[in-house]
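Text of input24.pdb, listed as PDB, C-alpha atoms:
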```pdb
ATOM      1  CA  MET A   1       0.000   0.000   0.000
ATOM      2  CA  PRO A   2       1.253   3.508  -0.720
ATOM      3  CA  GLY A   3       2.547   5.717   2.055
ATOM      4  CA  TYR A   4       1.222   9.151   2.823
ATOM      5  CA  THR A   5       2.046  12.040   5.074
ATOM      6  CA  VAL A   6      -1.164  13.598   6.299
ATOM      7  CA  THR A   7      -0.948  17.098   7.708
ATOM      8  CA  VAL A   8      -3.702  18.011  10.151
ATOM      9  CA  THR A   9      -4.055  21.655  11.129
ATOM     10  CA  VAL A  10      -6.233  22.361  14.157
ATOM     11  CA  ARG A  11      -7.229  25.923  14.919
ATOM     12  CA  LEU A  12      -9.720  27.667  17.170
ATOM     13  CA  LYS A  13     -13.073  28.431  15.611
ATOM     14  CA  GLN A  14     -13.582  32.005  14.609
ATOM     15  CA  GLY A  15     -14.727  34.053  17.568
ATOM     16  CA  VAL A  16     -13.131  31.826  20.220
ATOM     17  CA  LEU A  17     -10.616  33.796  22.276
ATOM     18  CA  ASP A  18      -6.972  32.809  21.906
ATOM     19  CA  PRO A  19      -5.172  34.366  24.895
ATOM     20  CA  GLU A  20      -1.829  32.793  23.973
ATOM     21  CA  ALA A  21      -1.978  34.257  20.472
ATOM     22  CA  GLU A  22      -2.877  37.666  21.912
ATOM     23  CA  THR A  23       0.072  37.473  24.284
ATOM     24  CA  THR A  24       2.373  36.461  21.422
ATOM     25  CA  GLN A  25       1.113  39.340  19.299
ATOM     26  CA  ARG A  26       1.757  41.788  22.131
ATOM     27  CA  ALA A  27       5.288  40.405  22.512
ATOM     28  CA  LEU A  28       5.943  40.933  18.793
ATOM     29  CA  GLU A  29       4.643  44.473  19.075
ATOM     30  CA  ARG A  30       6.917  45.078  22.050
ATOM     31  CA  LEU A  31       9.795  43.973  19.842
ATOM     32  CA  GLY A  32       8.843  46.778  17.455
ATOM     33  CA  PHE A  33       7.030  44.759  14.781
ATOM     34  CA  ASP A  34       3.909  46.078  13.130
ATOM     35  CA  LEU A  35       1.072  43.570  12.653
ATOM     36  CA  GLU A  36      -2.707  43.606  12.609
ATOM     37  CA  ASP A  37      -3.565  40.200  13.946
ATOM     38  CA  LEU A  38      -1.990  36.894  14.893
ATOM     39  CA  ARG A  39      -3.668  33.511  14.879
ATOM     40  CA  SER A  40      -2.080  30.314  16.111
ATOM     41  CA  ALA A  41      -2.788  26.711  15.157
ATOM     42  CA  ASP A  42      -1.545  23.240  16.034
ATOM     43  CA  GLN A  43      -0.169  21.131  13.233
ATOM     44  CA  PHE A  44       0.202  17.332  13.296
ATOM     45  CA  GLU A  45       2.017  15.285  10.670
ATOM     46  CA  LEU A  46       0.905  11.673  10.447
ATOM     47  CA  ASP A  47       2.833   9.108   8.429
ATOM     48  CA  LEU A  48       0.615   6.212   7.407
ATOM     49  CA  THR A  49      -0.108   3.727   4.668
ATOM     50  CA  ALA A  50      -3.525   3.420   3.090
ATOM     51  CA  GLU A  51      -5.183   2.000   0.003
ATOM     52  CA  ASP A  52      -5.386   5.425  -1.583
ATOM     53  CA  ALA A  53      -5.338   9.110  -0.708
ATOM     54  CA  GLU A  54      -9.045   9.111   0.028
ATOM     55  CA  ALA A  55      -8.683   6.331   2.601
ATOM     56  CA  ALA A  56      -5.765   8.187   4.191
ATOM     57  CA  GLN A  57      -7.855  11.342   4.370
ATOM     58  CA  GLU A  58     -10.775   9.490   5.939
ATOM     59  CA  ARG A  59      -8.634   7.846   8.591
ATOM     60  CA  ALA A  60      -6.942  11.135   9.496
ATOM     61  CA  GLU A  61     -10.305  12.881   9.734
ATOM     62  CA  GLU A  62     -11.526  10.231  12.129
ATOM     63  CA  MET A  63      -8.370  10.607  14.248
ATOM     64  CA  THR A  64      -8.904  14.352  14.303
ATOM     65  CA  GLU A  65     -12.559  14.088  15.293
ATOM     66  CA  ARG A  66     -11.805  11.522  17.980
ATOM     67  CA  LEU A  67      -8.736  13.129  19.569
ATOM     68  CA  LEU A  68      -6.616  15.736  17.812
ATOM     69  CA  ALA A  69      -9.329  18.409  17.741
ATOM     70  CA  ASN A  70     -12.119  19.265  20.153
ATOM     71  CA  PRO A  71     -15.090  19.964  17.863
ATOM     72  CA  THR A  72     -16.588  22.295  20.482
ATOM     73  CA  ILE A  73     -13.848  24.875  19.956
ATOM     74  CA  HIS A  74     -11.824  23.775  16.919
ATOM     75  CA  ASP A  75     -11.981  23.737  13.141
ATOM     76  CA  TYR A  76      -9.491  21.627  11.239
ATOM     77  CA  GLU A  77      -8.011  20.964   7.829
ATOM     78  CA  VAL A  78      -6.542  17.729   6.536
ATOM     79  CA  ALA A  79      -4.050  17.610   3.651
ATOM     80  CA  VAL A  80      -2.734  14.344   2.173
ATOM     81  CA  ASP A  81       0.642  14.076   0.405
ATOM     82  CA  PRO A  82       2.270  10.964  -1.070
ATOM     83  CA  ARG A  83       5.338   9.997   0.917
TER      84      ARG A  83
ATOM     85  CA  MET B   1     -22.745   5.330  48.732
ATOM     86  CA  THR B   2     -19.388   3.856  47.780
ATOM     87  CA  VAL B   3     -17.500   6.496  45.861
ATOM     88  CA  ALA B   4     -14.665   5.641  43.496
ATOM     89  CA  VAL B   5     -12.229   8.540  43.125
ATOM     90  CA  LEU B   6     -10.456   7.788  39.861
ATOM     91  CA  GLN B   7      -6.701   8.320  39.820
ATOM     92  CA  PHE B   8      -4.869   8.977  36.599
ATOM     93  CA  GLY B   9      -1.153   9.635  36.296
ATOM     94  CA  GLY B  10      -0.940  13.292  37.284
ATOM     95  CA  SER B  11      -4.141  13.473  39.350
ATOM     96  CA  ASN B  12      -3.343  15.453  42.488
ATOM     97  CA  CYS B  13      -6.652  16.157  44.212
ATOM     98  CA  ASP B  14      -7.527  12.477  44.520
ATOM     99  CA  ARG B  15      -6.479  12.067  48.152
ATOM    100  CA  ASP B  16      -7.996  15.406  49.164
ATOM    101  CA  THR B  17     -11.277  14.280  47.643
ATOM    102  CA  VAL B  18     -11.288  10.977  49.521
ATOM    103  CA  ARG B  19     -10.465  12.774  52.748
ATOM    104  CA  ALA B  20     -13.168  15.380  52.230
ATOM    105  CA  LEU B  21     -15.772  12.711  51.422
ATOM    106  CA  GLU B  22     -14.746  10.617  54.437
ATOM    107  CA  HIS B  23     -14.961  13.691  56.646
ATOM    108  CA  LEU B  24     -18.590  13.981  55.572
ATOM    109  CA  GLY B  25     -19.221  10.306  56.287
ATOM    110  CA  ALA B  26     -19.008   8.789  52.815
ATOM    111  CA  ASP B  27     -17.293   5.552  51.958
ATOM    112  CA  ALA B  28     -14.719   6.726  49.410
ATOM    113  CA  ARG B  29     -11.753   4.978  47.892
ATOM    114  CA  LEU B  30      -8.965   5.722  45.476
ATOM    115  CA  VAL B  31      -9.196   3.716  42.269
ATOM    116  CA  TRP B  32      -6.273   3.568  39.849
ATOM    117  CA  HIS B  33      -7.723   3.949  36.370
ATOM    118  CA  GLU B  34      -6.068   0.800  35.022
ATOM    119  CA  ASP B  35      -7.761  -1.289  37.733
ATOM    120  CA  GLY B  36     -11.231  -0.351  36.499
ATOM    121  CA  LEU B  37     -14.265   0.487  38.592
ATOM    122  CA  PRO B  38     -14.646  -1.835  41.590
ATOM    123  CA  PRO B  39     -17.902  -3.788  41.889
ATOM    124  CA  GLY B  40     -20.345  -1.980  44.098
ATOM    125  CA  THR B  41     -19.301   1.502  42.975
ATOM    126  CA  THR B  42     -22.298   3.769  43.452
ATOM    127  CA  GLY B  43     -20.645   7.142  42.788
ATOM    128  CA  ILE B  44     -17.654   8.351  40.774
ATOM    129  CA  VAL B  45     -15.443  11.399  41.186
ATOM    130  CA  LEU B  46     -13.092  12.568  38.446
ATOM    131  CA  PRO B  47     -10.661  14.558  40.609
ATOM    132  CA  GLY B  48      -8.472  17.554  39.851
ATOM    133  CA  GLY B  49      -4.856  17.541  38.817
ATOM    134  CA  PHE B  50      -2.880  17.396  35.620
ATOM    135  CA  SER B  51      -3.681  13.993  34.158
ATOM    136  CA  TYR B  52      -1.203  13.057  31.441
ATOM    137  CA  GLY B  53       0.566  16.370  31.945
ATOM    138  CA  ASP B  54      -2.292  18.209  30.205
ATOM    139  CA  TYR B  55      -0.848  16.934  26.909
ATOM    140  CA  LEU B  56      -2.740  18.067  23.809
ATOM    141  CA  ARG B  57      -5.503  19.690  25.885
ATOM    142  CA  ALA B  58      -6.242  19.402  29.606
ATOM    143  CA  GLY B  59      -8.237  16.208  30.119
ATOM    144  CA  ALA B  60      -7.930  15.039  26.505
ATOM    145  CA  MET B  61      -5.910  11.903  27.227
ATOM    146  CA  ALA B  62      -7.728  10.747  30.362
ATOM    147  CA  ALA B  63     -11.067  11.255  28.610
ATOM    148  CA  ARG B  64     -10.053   8.591  26.095
ATOM    149  CA  SER B  65      -8.652   6.067  28.550
ATOM    150  CA  PRO B  66     -10.411   2.680  28.743
ATOM    151  CA  VAL B  67     -11.842   3.288  32.229
ATOM    152  CA  MET B  68     -13.988   6.063  30.781
ATOM    153  CA  GLU B  69     -15.989   3.449  28.896
ATOM    154  CA  GLU B  70     -16.821   1.946  32.279
ATOM    155  CA  VAL B  71     -17.728   5.402  33.550
ATOM    156  CA  ARG B  72     -20.036   5.855  30.567
ATOM    157  CA  GLU B  73     -21.728   2.529  31.298
ATOM    158  CA  ALA B  74     -22.077   3.495  34.961
ATOM    159  CA  VAL B  75     -23.665   6.808  33.957
ATOM    160  CA  ALA B  76     -26.101   4.939  31.714
ATOM    161  CA  SER B  77     -27.147   2.817  34.680
ATOM    162  CA  GLY B  78     -27.693   5.881  36.867
ATOM    163  CA  THR B  79     -24.442   6.193  38.832
ATOM    164  CA  PRO B  80     -23.751   9.836  39.727
ATOM    165  CA  VAL B  81     -20.492  11.375  38.492
ATOM    166  CA  LEU B  82     -18.825  14.568  39.696
ATOM    167  CA  GLY B  83     -15.888  16.090  37.803
ATOM    168  CA  VAL B  84     -13.820  18.767  39.518
ATOM    169  CA  CYS B  85     -11.238  20.965  37.789
ATOM    170  CA  ASN B  86      -9.161  18.525  35.709
ATOM    171  CA  GLY B  87     -12.070  16.148  36.235
ATOM    172  CA  ALA B  88     -14.346  18.779  34.697
ATOM    173  CA  GLN B  89     -12.027  19.058  31.713
ATOM    174  CA  ILE B  90     -12.048  15.261  31.414
ATOM    175  CA  GLY B  91     -15.847  15.191  31.635
ATOM    176  CA  CYS B  92     -16.222  17.700  28.799
ATOM    177  CA  GLU B  93     -13.518  16.057  26.684
ATOM    178  CA  ALA B  94     -15.364  12.763  27.144
ATOM    179  CA  SER B  95     -18.653  14.458  26.168
ATOM    180  CA  LEU B  96     -20.230  13.458  29.473
ATOM    181  CA  THR B  97     -20.926  17.165  29.877
ATOM    182  CA  PRO B  98     -21.341  19.895  27.259
ATOM    183  CA  GLY B  99     -18.879  22.615  26.264
ATOM    184  CA  ALA B 100     -15.127  22.820  26.765
ATOM    185  CA  PHE B 101     -12.757  24.275  29.336
ATOM    186  CA  THR B 102      -9.843  25.997  27.668
ATOM    187  CA  ILE B 103      -7.046  28.481  28.346
ATOM    188  CA  ASN B 104      -7.854  31.249  30.841
ATOM    189  CA  ARG B 105      -8.442  34.734  29.447
ATOM    190  CA  SER B 106      -5.297  35.810  31.325
ATOM    191  CA  ALA B 107      -3.244  33.045  29.660
ATOM    192  CA  ARG B 108      -1.995  32.330  33.187
ATOM    193  CA  PHE B 109      -2.501  29.667  35.816
ATOM    194  CA  GLN B 110      -4.766  31.138  38.489
ATOM    195  CA  CYS B 111      -4.961  29.998  42.093
ATOM    196  CA  GLU B 112      -7.368  32.070  44.159
ATOM    197  CA  HIS B 113     -10.673  32.124  46.002
ATOM    198  CA  VAL B 114     -13.722  33.074  43.975
ATOM    199  CA  HIS B 115     -17.459  33.329  44.510
ATOM    200  CA  VAL B 116     -20.018  31.342  42.608
ATOM    201  CA  ARG B 117     -23.791  31.622  42.608
ATOM    202  CA  VAL B 118     -26.032  28.586  42.691
ATOM    203  CA  GLU B 119     -28.075  28.859  39.505
ATOM    204  CA  ASN B 120     -30.152  25.727  39.856
ATOM    205  CA  ALA B 121     -30.779  24.264  43.311
ATOM    206  CA  ASP B 122     -32.959  21.493  41.967
ATOM    207  CA  THR B 123     -30.171  18.987  41.237
ATOM    208  CA  ARG B 124     -28.563  16.278  43.363
ATOM    209  CA  PHE B 125     -25.388  18.397  43.500
ATOM    210  CA  THR B 126     -27.045  21.609  44.692
ATOM    211  CA  ARG B 127     -30.101  20.333  46.555
ATOM    212  CA  HIS B 128     -28.786  21.503  49.942
ATOM    213  CA  TYR B 129     -28.529  25.094  48.706
ATOM    214  CA  GLU B 130     -31.102  27.654  47.651
ATOM    215  CA  GLU B 131     -31.019  29.154  44.192
ATOM    216  CA  GLY B 132     -29.002  32.381  44.433
ATOM    217  CA  ASP B 133     -26.815  31.192  47.320
ATOM    218  CA  VAL B 134     -23.256  32.519  47.049
ATOM    219  CA  LEU B 135     -20.392  30.134  47.809
ATOM    220  CA  GLU B 136     -16.735  30.935  48.316
ATOM    221  CA  LEU B 137     -14.622  28.262  46.669
ATOM    222  CA  PRO B 138     -10.995  27.995  45.564
ATOM    223  CA  ILE B 139      -9.986  27.697  41.929
ATOM    224  CA  ALA B 140      -6.604  26.499  40.673
ATOM    225  CA  HIS B 141      -6.445  26.166  36.915
ATOM    226  CA  GLY B 142      -4.830  27.355  33.726
ATOM    227  CA  GLU B 143      -7.546  26.006  31.431
ATOM    228  CA  GLY B 144     -10.828  26.888  33.068
ATOM    229  CA  ARG B 145     -12.481  29.205  30.576
ATOM    230  CA  PHE B 146     -15.825  27.688  29.652
ATOM    231  CA  GLU B 147     -16.449  27.836  25.926
ATOM    232  CA  MET B 148     -19.478  26.795  23.976
ATOM    233  CA  ASP B 149     -21.327  27.817  20.845
ATOM    234  CA  THR B 150     -23.626  30.732  21.748
ATOM    235  CA  GLU B 151     -26.793  29.044  20.536
ATOM    236  CA  GLU B 152     -25.958  25.826  22.349
ATOM    237  CA  LEU B 153     -25.300  27.789  25.513
ATOM    238  CA  GLU B 154     -28.715  29.426  25.194
ATOM    239  CA  THR B 155     -30.277  25.983  24.924
ATOM    240  CA  LEU B 156     -28.275  24.754  27.916
ATOM    241  CA  THR B 157     -29.412  27.767  29.930
ATOM    242  CA  ALA B 158     -33.033  27.244  28.900
ATOM    243  CA  GLN B 159     -32.720  23.628  30.042
ATOM    244  CA  ASP B 160     -31.545  24.884  33.443
ATOM    245  CA  ARG B 161     -28.269  22.989  33.153
ATOM    246  CA  ILE B 162     -26.014  25.808  34.367
ATOM    247  CA  LEU B 163     -25.186  24.856  37.957
ATOM    248  CA  PHE B 164     -22.889  27.714  39.016
ATOM    249  CA  ARG B 165     -21.842  31.100  37.691
ATOM    250  CA  TYR B 166     -18.897  33.181  38.884
ATOM    251  CA  CYS B 167     -20.175  36.201  40.781
ATOM    252  CA  ASP B 168     -19.042  38.830  43.267
ATOM    253  CA  ALA B 169     -19.455  38.470  47.038
ATOM    254  CA  ASP B 170     -22.989  39.867  46.747
ATOM    255  CA  GLY B 171     -24.035  37.370  44.120
ATOM    256  CA  GLU B 172     -23.897  39.763  41.162
ATOM    257  CA  VAL B 173     -22.734  38.009  38.002
ATOM    258  CA  THR B 174     -20.334  40.565  36.539
ATOM    259  CA  SER B 175     -17.409  40.427  34.145
ATOM    260  CA  ASP B 176     -15.121  41.656  36.949
ATOM    261  CA  ALA B 177     -16.102  38.607  38.991
ATOM    262  CA  ASN B 178     -15.298  36.278  36.102
ATOM    263  CA  PRO B 179     -11.807  34.967  36.893
ATOM    264  CA  ASN B 180     -11.018  33.255  33.610
ATOM    265  CA  GLY B 181     -13.215  34.680  30.859
ATOM    266  CA  SER B 182     -15.749  31.858  30.957
ATOM    267  CA  LYS B 183     -18.648  32.427  28.587
ATOM    268  CA  ASP B 184     -21.635  33.749  30.518
ATOM    269  CA  ASN B 185     -19.559  33.331  33.738
ATOM    270  CA  VAL B 186     -20.288  29.591  33.684
ATOM    271  CA  ALA B 187     -18.369  27.723  36.411
ATOM    272  CA  GLY B 188     -20.208  24.394  36.383
ATOM    273  CA  VAL B 189     -22.735  22.531  34.243
ATOM    274  CA  LEU B 190     -24.937  19.472  34.262
ATOM    275  CA  GLY B 191     -24.552  16.693  31.737
ATOM    276  CA  GLU B 192     -27.321  15.387  29.550
ATOM    277  CA  ALA B 193     -27.982  13.003  32.413
ATOM    278  CA  ASP B 194     -28.755  15.131  35.468
ATOM    279  CA  HIS B 195     -26.716  12.862  37.733
ATOM    280  CA  VAL B 196     -23.536  14.034  35.990
ATOM    281  CA  ALA B 197     -21.980  17.411  36.783
ATOM    282  CA  VAL B 198     -18.659  19.180  36.384
ATOM    283  CA  LEU B 199     -17.273  22.370  37.876
ATOM    284  CA  MET B 200     -13.919  24.132  37.862
ATOM    285  CA  PRO B 201     -13.873  25.330  41.522
ATOM    286  CA  HIS B 202     -12.837  22.819  44.179
ATOM    287  CA  PRO B 203     -15.555  21.839  46.685
ATOM    288  CA  GLU B 204     -13.186  19.304  48.277
ATOM    289  CA  ARG B 205     -10.819  22.149  49.160
ATOM    290  CA  ALA B 206     -13.655  23.943  50.920
ATOM    291  CA  THR B 207     -14.862  21.060  53.069
ATOM    292  CA  LEU B 208     -12.445  20.450  55.957
ATOM    293  CA  PRO B 209     -13.019  23.160  58.602
ATOM    294  CA  ASP B 210      -9.296  23.313  59.408
ATOM    295  CA  ILE B 211      -8.431  24.839  56.053
ATOM    296  CA  GLY B 212     -10.979  27.629  55.867
ATOM    297  CA  SER B 213     -14.218  27.819  53.897
ATOM    298  CA  THR B 214     -16.613  24.897  54.214
ATOM    299  CA  ASP B 215     -18.920  26.206  51.500
ATOM    300  CA  GLY B 216     -18.163  23.216  49.282
ATOM    301  CA  GLN B 217     -19.403  20.595  51.728
ATOM    302  CA  ASP B 218     -22.955  20.563  50.501
ATOM    303  CA  ILE B 219     -21.925  19.904  46.912
ATOM    304  CA  LEU B 220     -20.217  16.697  48.063
ATOM    305  CA  ARG B 221     -23.118  15.854  50.412
ATOM    306  CA  GLY B 222     -25.614  16.229  47.612
ATOM    307  CA  PHE B 223     -23.507  14.210  45.221
ATOM    308  CA  ALA B 224     -22.917  11.399  47.735
ATOM    309  CA  ASP B 225     -26.435  11.209  49.221
ATOM    310  CA  LEU B 226     -25.244  12.302  52.668
TER     311      LEU B 226
END
```

So that I can check it, write out the structure of this file as structure tokens.
Amino acid sequence: MPGYTVTVTVRLKQGVLDPEAETTQRALERLGFDLEDLRSADQFELDLTAEDAEAAQERAEEMTERLLANPTIHDYEVAVDPR
Amino acid sequence: MTVAVLQFGGSNCDRDTVRALEHLGADARLVWHEDGLPPGTTGIVLPGGFSYGDYLRAGAMAARSPVMEEVREAVASGTPVLGVCNGAQIGCEASLTPGAFTINRSARFQCEHVHVRVENADTRFTRHYEEGDVLELPIAHGEGRFEMDTEELETLTAQDRILFRYCDADGEVTSDANPNGSKDNVAGVLGEADHVAVLMPHPERATLPDIGSTDGQDILRGFADL
């Protein structure tokens, strides 16, 4: 079976406060940088084998729904690349 | 009632909880999560602490440990469950209770005494209080900000499933009295089953008279049928 690297990006839903991102933005501003907004996200890279890219995508989505993201506060994206 | 206080690696309020429950006359025992629920368990506490080092999100790992399947089965058969602090995070991560507890508005760990108002006194956890009663309880958390979709929170409120809201000493629910930015000042909620509840403040740390406030006693009494 072919190997894939699946990249899962988990971020807070729009409108959910991100105090760590706000603190990071303030720190950048203190360093003299000019920026309008800063958003943070968690990224997971999963190496796996699957029948095809679709199966890899499906499995990664299930992993994300079950553990990597909390659907109450997170949105996520899944990208599949051949390895 | 025989209460199982579930210990995960990193739990640190487990012994306090047993001691507080015993002080009130309950039969409580520590149960290591890998040992499973002992036969005859008639109540379950998910205690505070830092299970699995808060990896990924506070409570995320413990919520998916095998013992939680047993907890789910126990809930289905009517066994009451109380989640405190990390236990509240575990309860929400396990979908036993709605919403999520995430990083404090301050982005800091906060350890302080707060006031909460009893919003619904018609539950097993609050039955010894009157609606509107103000309790002084300690909090100690970095991820205690209650988050939930606004519409869902409206539904939850309409269903009378908000147990406690952060308030000032006079019982006014204000943003100044909200220690962590929780939506709608929510400090504790009921699960879909009304014998399941979670809250971020620590009733077990406000139970033994020697260490100050005893305002938390009646939460444990209600939970444990005392």

- [ ] Any chance you could resolve the PyMOL selection byres ((chain B and resi 58) around 8) against this file and give the residues as a list in words?
- [x] Phe50, Ser51, Gly53, Asp54, Tyr55, Leu56, Arg57, Gly59, Ala60, Met61, Asn86, Gln89, Ile90, Thr102 and Glu143 of chain B

- [ ] For each of A:Glu51, A:Leu35, A:Val16, A:Gln25, take the minimum atom-to-atom distance to B:Thr150, counting only C-alpha atoms, then give the residue where this is smallest.
- [x]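 Of the candidates, the smallest distance to B:Thr150 is held by A:Val16.
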
TODO: Quick one: pull the distance between atom CA of B:Asn185 and atom CA of B:Ala107, Å, one decimal.
DONE: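 About the pair atom CA of B:Asn185 and atom CA of B:Ala107: they are 16.8 Å apart.
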
Task: Expected selection from the ChimeraX specification (/A :<8) & /B, given as a ChimeraX atom specification - done: /B:56,60,93,99-100,103-107,147-149

Counting all atoms listed in the file, note down every residue that has an atom within 8 Å of the point (-24.2, 12.3, 32.2) (file coordinates), as a compact mmCIF listing (two decimals) with C-alpha atoms, in the coordinates of the input.
```
# COMPACT_ATOMS: atom_id res chain seq x y z
CA ARG B 72 -20.04 5.86 30.57
CA VAL B 75 -23.66 6.81 33.96
CA ALA B 76 -26.10 4.94 31.71
CA PRO B 80 -23.75 9.84 39.73
CA VAL B 81 -20.49 11.38 38.49
CA LEU B 96 -20.23 13.46 29.47
CA THR B 97 -20.93 17.16 29.88
CA LEU B 190 -24.94 19.47 34.26
CA GLY B 191 -24.55 16.69 31.74
CA GLU B 192 -27.32 15.39 29.55
CA ALA B 193 -27.98 13.00 32.41
CA ASP B 194 -28.76 15.13 35.47
CA HIS B 195 -26.72 12.86 37.73
CA VAL B 196 -23.54 14.03 35.99
CA ALA B 197 -21.98 17.41 36.78
```

Open item on the list: I need the residue nearest B:Leu137 from this list: B:Glu204, B:Asp122, B:Asp16, B:Glu151. Use all atoms listed in the file for the distance.
Closed with: B:Glu204

Open item on the list: Please return as a PyMOL selection string every residue within 10 Å of (1.9, 16.2, 14.9), taking into account only C-alpha atoms and the file's own coordinates.
Closed with: chain A and resi 6-9+42-47+68

Task: Hits from the PyMOL selection byres ((chain A and resi 77) around 9), listed as number ranges by chain - done: A: 7-11, 61, 75-76, 78-79
